[in-house]
Every structure is written in C-alpha cells, then in structure tokens.
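Reading through the structure tokens given below for one structure.
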Amino acid sequence: MSLKPYALTLVLLALWEAAVRLLDVPAYLVPAPSAVAVELWTRRAYLLTNTPATVYEIWAGFAIALVVGIALAVPVALTRFGDQAIMPVLVATQSVPKSALAPIFVIWFGFGLLPKVIVAALLAFFPIVVNMVRGLRAVEPEMVQYLSTLGARRTDVFLRLRLPSSLPYLFAAMKVSISMATVGAIVGEFIGSDQGLGYVILRAISNFDTTVMFAGLTVVSLIGVLSYGVISLVERRVLAWQPDAVEATAGSA
C-alpha cells in the first residue's frame, strides 16, 4: 500500500493549519484542522448517531443503481431497440437536476429514508449503465464467431464471454457511482430530513457553526473513502484472474 496519499493529505492539512493561523482567519469562516479534530472528538456521539442513516441511504441507493443499471445496460448493449429507444431516454433524464426532484420525492414519500435512497440511486445509476454497455460491447467479433461455430447459444456467449469481459468496466463505474450515491444521499438530507450527516451539516450552517459543518463533511469524506475501498477490495478478489483491469472512463459514451 502506497503511503503517498497519506503523506500528501498530511502536507495539505499542515498548510491549511499554517494558513489559518498565520492569516488569523476567523473560525466562523474557515476553522483550523486542529479545531475540526477537536470537534470530531467532542461531538463524536452526535456524529456517530447520525452516521448510520447516511450510510444506509448511500449503500441502498447504490445497490438499486447497480441492479437497475445492469438491467438496462443489457438490452441497450445487445439490442437495436435498446440502443435506439432506451439509451436516448436515459441520456435525457440526466439533464434533469436531481436536486429539483428531491423536494418532489419528499412530498410523495415523506421525510423518511426512502426519498434520500431514491436520489442517491438516480445519481449513481447512469455511470453504471454507460460503462456496462461499453464493457458488453468490448468483445472481439472473432471470439463471438468462434464460440458460435462451437455451437454456443447467445446465452452462452453472454455468460461466458460478454459478462466476464464487462466486469472491469463495471467495477470502474461502481467506484464512480458510490461517490455519486454519497452526494445524492447528502443532497436528499439537505432537502428534508431530521437525521443523517446532511442534517448535521445543514443545521450547523444555520447556526453559523462552521467547525461542526467541517466535522460533518470530514465524516462524509471518510465514508466515501471507505466505500471506495470496499469496492476496490471486492474488485481485486473478483478480478484476480485479470491483473491489468481496464480502467473504463465512467460516465463517458
């Protein structure tokens, strides 16, 4: 494991601390990292109490996005109808701001966890669709013809060739999608919630308590990093047979 990211993080935090102290920046504008660390410890019970709801929203939304994304990617990649009819509709839906939809979901489903899960899923599913389509199509035609000459059916070609070939693209998309699900969960909590880290951040902003706001953002960032690490760990296990995994450009056509 490389120590470079940790070293860079420490350097940036040190520069941040020095800048705040040397320039005498007020805490209500930008708190020092040391003040945020103290707030993390002081408010640990408050932050930990609101963390499970956000984690649930992130992973539930991500799971929904994963299932729906794969289910939509298969017909888009393998059928003309999917490519010409389904894909343009999916692209059009991405132009709708999810923050504009969040209040509607609150009206429909109340202030519980469901609206946040839906927003997280909506933000997370498109990279999965796009990259899964790309992965399913990234198969050499000669290999498909070769399997066909051996009597393989379309189902066999899909399960034994297209699906394994698409996995590196899928995992690359999942890494992006888990970050998008994190953003979606926080956006949903901003719109209407009485729990979660987004609620903590929004309440801190309304009270001009910037230090608590940064503490909440720190916890959200840690959740994002840990979630990314979980997917990377699963990727290494699943793609152990392929040491040089394709890093697909998530979200690209």
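Order determines the names: the first chain of the structure tokens is A, the second B, and so forth; residues in each chain are numbered 1 upward, and ligands are numbered 1 upward as they are shown.
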Report as a Markdown table the residues of range 43-156 of chain A within 10 Å of range 191-195 of chain A, each with its shortest atom pair and distance in Å (one decimal), using only C-alpha atoms, ordered by chain and increasing residue number.
```
| residue | atom | partner | partner_atom | distance |
| --- | --- | --- | --- | --- |
| A:Thr49 | CA | A:Gln195 | CA | 8.6 |
| A:Asn50 | CA | A:Gln195 | CA | 5.7 |
| A:Thr51 | CA | A:Gln195 | CA | 8.6 |
| A:Pro52 | CA | A:Gln195 | CA | 9.4 |
| A:Ala53 | CA | A:Gln195 | CA | 6.9 |
| A:Thr54 | CA | A:Gln195 | CA | 8.3 |
| A:Ser99 | CA | A:Ile191 | CA | 8.0 |
| A:Ala100 | CA | A:Ile191 | CA | 9.5 |
| A:Leu101 | CA | A:Ile191 | CA | 9.9 |
| A:Ala102 | CA | A:Ile191 | CA | 6.6 |
| A:Pro103 | CA | A:Ile191 | CA | 6.2 |
| A:Ile104 | CA | A:Ile191 | CA | 9.8 |
| A:Phe105 | CA | A:Ile191 | CA | 9.7 |
| A:Val106 | CA | A:Gly192 | CA | 6.8 |
| A:Ile107 | CA | A:Gly192 | CA | 9.7 |
| A:Gly110 | CA | A:Gly192 | CA | 8.6 |
| A:Phe111 | CA | A:Ser193 | CA | 5.5 |
| A:Gly112 | CA | A:Ser193 | CA | 7.1 |
| A:Leu113 | CA | A:Ser193 | CA | 8.3 |
| A:Pro115 | CA | A:Gly192 | CA | 9.0 |
| A:Lys116 | CA | A:Ser193 | CA | 8.9 |
```
- Message: So that I can check the surroundings of range 206-212 of chain A, please list as number ranges by chain every protein, DNA and RNA residue that reaches within 9 Å of it, counting only C-alpha atoms and ignoring chain neighbours fewer than 3 positions away.
- Response: A: 27-32, 35-36, 39-40, 43, 200-203, 215-217
- Message: Neighbouring residues of range 67-70 of chain A were defined as those with any atom within 8 Å, considering only C-alpha atoms; residues of the same chain fewer than 6 positions away were excluded. Please report them as a count of residues only.
- Response: 5
- Message: Given only C-alpha atoms as the basis, pick out the residue of A:Val117, A:Met174, A:Val234, A:Val130 nearest to Ile58 in chain A.
- Response: A:Val117
- Task: For CA of Ser177 in chain A and CA of Thr79 in chain A, determine how far apart the two atoms are, in Å to one decimal place.
- Result: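 Taking CA of Ser177 in chain A as the start and CA of Thr79 in chain A as the end point, the length is 24.7 Å.
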- Query: With only C-alpha atoms as the atoms that count, which of A:Pro141, A:Arg153, A:Pro33, A:Ala204 lies nearest to Ala18 in chain A?
  - Reply: A:Pro33
- Residues at most 12 Å from Gly229 in chain A, counting only C-alpha atoms, excluding those fewer than 6 positions away in the same chain, as a ChimeraX atom specification? /A:171,174-176,178-179,222-223,235-236
- Item | Near-Val74 in chain A list (8 Å; only C-alpha atoms; drop same-chain fewer than 2 positions) as a list of chain:residue names |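 Using only C-alpha atoms, the neighbours found are A:Ile70, A:Ala71, A:Leu72, A:Val76, A:Ala77, A:Leu78, A:Met132, A:Val133, A:Leu136.
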Residues of the last selection are to be written out with N, CA, C and O atoms, as a short mmCIF file (atom, residue, chain, number, x, y, z; two decimals), in the first residue's frame.
```
data_model
loop_
_atom_site.label_atom_id
_atom_site.label_comp_id
_atom_site.auth_asym_id
_atom_site.auth_seq_id
_atom_site.Cartn_x
_atom_site.Cartn_y
_atom_site.Cartn_z
N ILE A 70 -27.47 -2.40 -14.49
CA ILE A 70 -27.12 -3.61 -15.23
C ILE A 70 -28.31 -4.09 -16.05
O ILE A 70 -28.17 -4.49 -17.22
N ALA A 71 -29.50 -4.03 -15.44
CA ALA A 71 -30.71 -4.49 -16.14
C ALA A 71 -30.98 -3.64 -17.39
O ALA A 71 -31.46 -4.17 -18.41
N LEU A 72 -30.69 -2.36 -17.35
CA LEU A 72 -30.89 -1.50 -18.51
C LEU A 72 -29.74 -1.62 -19.51
O LEU A 72 -29.96 -1.48 -20.72
N VAL A 76 -29.67 -2.38 -23.89
CA VAL A 76 -29.08 -1.28 -24.65
C VAL A 76 -27.87 -1.78 -25.45
O VAL A 76 -27.68 -1.41 -26.61
N ALA A 77 -27.07 -2.64 -24.84
CA ALA A 77 -25.85 -3.11 -25.49
C ALA A 77 -26.11 -4.17 -26.56
O ALA A 77 -25.39 -4.23 -27.55
N LEU A 78 -27.16 -4.96 -26.36
CA LEU A 78 -27.32 -6.15 -27.21
C LEU A 78 -28.51 -6.08 -28.17
O LEU A 78 -28.67 -7.00 -28.98
N MET A 132 -21.25 -0.30 -18.36
CA MET A 132 -21.64 -1.68 -18.58
C MET A 132 -21.93 -1.93 -20.06
O MET A 132 -21.54 -2.97 -20.61
N VAL A 133 -22.57 -0.97 -20.70
CA VAL A 133 -22.80 -1.08 -22.15
C VAL A 133 -21.48 -1.16 -22.89
O VAL A 133 -21.29 -2.00 -23.79
N LEU A 136 -19.91 -4.62 -22.31
CA LEU A 136 -20.57 -5.72 -23.03
C LEU A 136 -20.26 -5.69 -24.51
O LEU A 136 -20.25 -6.74 -25.18
#
```
- Query: What does the distance from CA of Ile205 in chain A to CA of Leu23 in chain A come to in Å, to one decimal?
  - Reply: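 Rounded to one decimal, the two atoms are 23.0 Å apart.
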- Find the residues near Leu48 in chain A: any atom within 10 Å, counting only C-alpha atoms, skip ones fewer than 6 places away on the same chain, and give them as number ranges by chain. A: 40, 196-197, 219
- Nearest to Gly188 in chain A: which of A:Pro164, A:Gly82, A:Gly61, A:Pro88 is it, counting only C-alpha atoms?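 Using only C-alpha atoms, Gly188 in chain A sits closest to A:Gly61.
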- Message: Between A:Val55, A:Met213, A:Ala19, A:Leu66, which residue has the minimum interatomic distance to Leu170 in chain A, considering only C-alpha atoms?
- Response: A:Leu66
- Query: So how far away is CA of Gly224 in chain A from CA of Gln94 in chain A, in Å?
  - Reply: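 The value is 22.4 Å.
The shortest atom-to-atom distance to Ser221 in chain A, with only C-alpha atoms taken into account, belongs to A:Thr182 out of A:Phe190, A:Val89, A:Thr182, A:Val238.
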